[in-house]
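Read the structure below first, then the notes.
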Amino acid sequence: MTAKIAFDEVEVGTELPAQSFPVTRATLVQYAGASGDFNPIHWNEKFAKDVGLPDVIAHGMFTMAEAIRVVTDWAGDPGAVVEYGVRFTKPVVVPNDETGALIEVSGKVAAKLDDNRVRVDLTAMSAGQKVLGMSRAVVQLA
């Protein structure tokens, strides 16, 4: 698969449109059902606090999936992402209220590679803290 963006039209430093993704406890329950990850740190406040967390936290894979949406929306084809990796640096803490948490993601083209590919570096923040480190995707452009 190939992105709908031409390699020649992209420069190092090109910023992708930033996006914000709300996360509520209901979102976590839905994700748990879809993923099969029912670890109580993602839905049980007492359990999460008993194991030393500040509150219920979002699934790492959920956070990772939300972040890559910035790239797939920009590329126009999810199949154009040929490589993606992150380090989990801080959890996304999701309070039990109507607002929940917000994952704010920005990205920019960090390098042009061979074969019409670019590396996109992402920054994912929640509550003023970086929640993903070394978040990088390689995208196949047209």
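Chain labels follow the order of the structure tokens: the first chain is A, the next B, and so on; residue numbering restarts at 1 in every chain, and ligands are counted from 1 in their shown order.
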For range 26-29 of chain A: contacts at 7 Å, only C-alpha atoms, fewer than 2 positions along chain excluded, given as an NGL selection string = :A and (23-24 or 31-33 or 42-43 or 58)
Please report as a Markdown table every residue of range 22-90 of chain A lying within 8 Å of range 113-132 of chain A, along with the nearest atom pair and their distance in Å (one decimal), using only C-alpha atoms.
| residue | atom | partner | partner_atom | distance |
| --- | --- | --- | --- | --- |
| A:Met64 | CA | A:Leu132 | CA | 7.7 |
| A:Ala67 | CA | A:Ala124 | CA | 6.6 |
| A:Val71 | CA | A:Val120 | CA | 7.7 |
| A:Val86 | CA | A:Leu132 | CA | 6.2 |
| A:Arg87 | CA | A:Leu132 | CA | 5.6 |
| A:Phe88 | CA | A:Leu132 | CA | 4.9 |
| A:Thr89 | CA | A:Val131 | CA | 5.1 |
| A:Lys90 | CA | A:Val131 | CA | 4.4 |
Would you write out those residues with C-alpha atoms, as a PDB file, in the first residue's frame?
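Wrote it out as again06.pdb, contents follow:
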ATOM      1  CA  MET A  64      -0.223   3.689  20.681  1.00  0.00           C
ATOM      2  CA  ALA A  67      -1.162   8.188  18.220  1.00  0.00           C
ATOM      3  CA  VAL A  71       0.019   9.421  10.571  1.00  0.00           C
ATOM      4  CA  VAL A  86       7.134   3.444  20.646  1.00  0.00           C
ATOM      5  CA  ARG A  87       8.411   3.395  24.202  1.00  0.00           C
ATOM      6  CA  PHE A  88       5.813   3.778  26.910  1.00  0.00           C
ATOM      7  CA  THR A  89       7.071   6.588  29.150  1.00  0.00           C
ATOM      8  CA  LYS A  90       4.074   7.592  31.309  1.00  0.00           C
TER       9      LYS A  90
END
Hey, can you check how far CA of Ile57 in chain A sits from CA of Ala101 in chain A?
->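 About the pair CA of Ile57 in chain A and CA of Ala101 in chain A: they are 9.6 Å apart.
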Can you check which residues of chain A DSSP gives as strand (DSSP E or B) on the backbone and send them as number ranges by chain?
-> A: 15-23, 57, 81-88, 93, 101-112, 117-126, 129-140
Neighbours of Asp8 in chain A within 10 Å (only C-alpha atoms; same-chain residues fewer than 4 positions away dropped), as a PyMOL selection string?
-> chain A and resi 112+116+141-142
Using only C-alpha atoms, which of the listed residues (A:Ile41, A:Ile68, A:Lys4, A:Val138) sits closest to Ala110 in chain A?
->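 Of A:Ile41, A:Ile68, A:Lys4, A:Val138, the one nearest Ala110 in chain A is A:Val138, counting only C-alpha atoms.
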May I ask for the distance between CA of Pro78 in chain A and CA of Gly13 in chain A, given in Å to one decimal place?
->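 So the answer is 21.3 Å.
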As a PyMOL selection string, please: all residues of chain A that backbone DSSP puts in helix (DSSP H, G or I).
-> chain A and resi 7-9+25-35+40-42+45-50+60-75+78-80
For range 74-77 of chain A, list every protein, DNA or RNA residue within 10 Å, evaluated using only C-alpha atoms, and leave out those in the same chain fewer than 4 positions away; present the list as a PyMOL selection string.
-> chain A and resi 1-6+15-18+68-70+81+107+139-142
Give me a file of those residues, with N, CA and C atoms, as a CSV table (one decimal), in the first residue's frame.
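To be explicit, this is the file written out as out_0.csv:
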chain,number,residue,atom,x,y,z
A,1,MET,N,0.8,-1.2,0.0
A,1,MET,CA,0.0,0.0,0.0
A,1,MET,C,0.9,1.2,0.0
A,2,THR,N,0.4,2.3,-0.5
A,2,THR,CA,1.1,3.6,-0.6
A,2,THR,C,0.2,4.7,-0.2
A,3,ALA,N,0.9,5.7,0.5
A,3,ALA,CA,0.2,6.9,0.9
A,3,ALA,C,-0.3,7.7,-0.4
A,4,LYS,N,-1.2,8.5,-0.2
A,4,LYS,CA,-1.7,9.4,-1.3
A,4,LYS,C,-0.9,10.6,-1.4
A,5,ILE,N,0.1,10.8,-0.6
A,5,ILE,CA,1.0,11.9,-0.7
A,5,ILE,C,2.3,11.6,-1.4
A,6,ALA,N,2.7,12.5,-2.3
A,6,ALA,CA,3.9,12.2,-3.1
A,6,ALA,C,5.1,12.5,-2.3
A,15,GLU,N,5.1,19.4,9.1
A,15,GLU,CA,4.3,19.0,10.3
A,15,GLU,C,3.0,18.4,9.9
A,16,LEU,N,2.6,17.3,10.5
A,16,LEU,CA,1.4,16.7,10.3
A,16,LEU,C,0.3,17.4,11.1
A,17,PRO,N,-0.9,17.4,10.7
A,17,PRO,CA,-2.0,18.0,11.5
A,17,PRO,C,-2.1,17.3,12.9
A,18,ALA,N,-2.0,18.1,13.9
A,18,ALA,CA,-2.1,17.6,15.3
A,18,ALA,C,-3.6,17.2,15.5
A,68,ILE,N,-0.9,6.7,16.3
A,68,ILE,CA,-0.6,6.5,14.9
A,68,ILE,C,-1.7,7.0,13.9
A,69,ARG,N,-2.9,7.3,14.5
A,69,ARG,CA,-4.0,7.9,13.7
A,69,ARG,C,-3.6,9.2,13.0
A,70,VAL,N,-2.7,9.9,13.7
A,70,VAL,CA,-2.2,11.2,13.1
A,70,VAL,C,-1.5,10.9,11.8
A,81,VAL,N,1.7,2.7,6.4
A,81,VAL,CA,2.6,2.6,7.5
A,81,VAL,C,3.3,1.2,7.5
A,107,GLY,N,3.0,15.4,15.0
A,107,GLY,CA,4.0,14.7,14.3
A,107,GLY,C,4.7,15.5,13.3
A,139,VAL,N,6.7,5.5,6.7
A,139,VAL,CA,5.6,5.6,5.8
A,139,VAL,C,6.0,5.5,4.4
A,140,GLN,N,5.3,4.7,3.6
A,140,GLN,CA,5.6,4.5,2.2
A,140,GLN,C,4.8,5.6,1.4
A,141,LEU,N,5.5,6.5,0.8
A,141,LEU,CA,4.8,7.6,0.0
A,141,LEU,C,4.7,7.2,-1.5
A,142,ALA,N,3.8,7.9,-2.2
A,142,ALA,CA,3.7,7.7,-3.6
A,142,ALA,C,4.9,8.3,-4.4
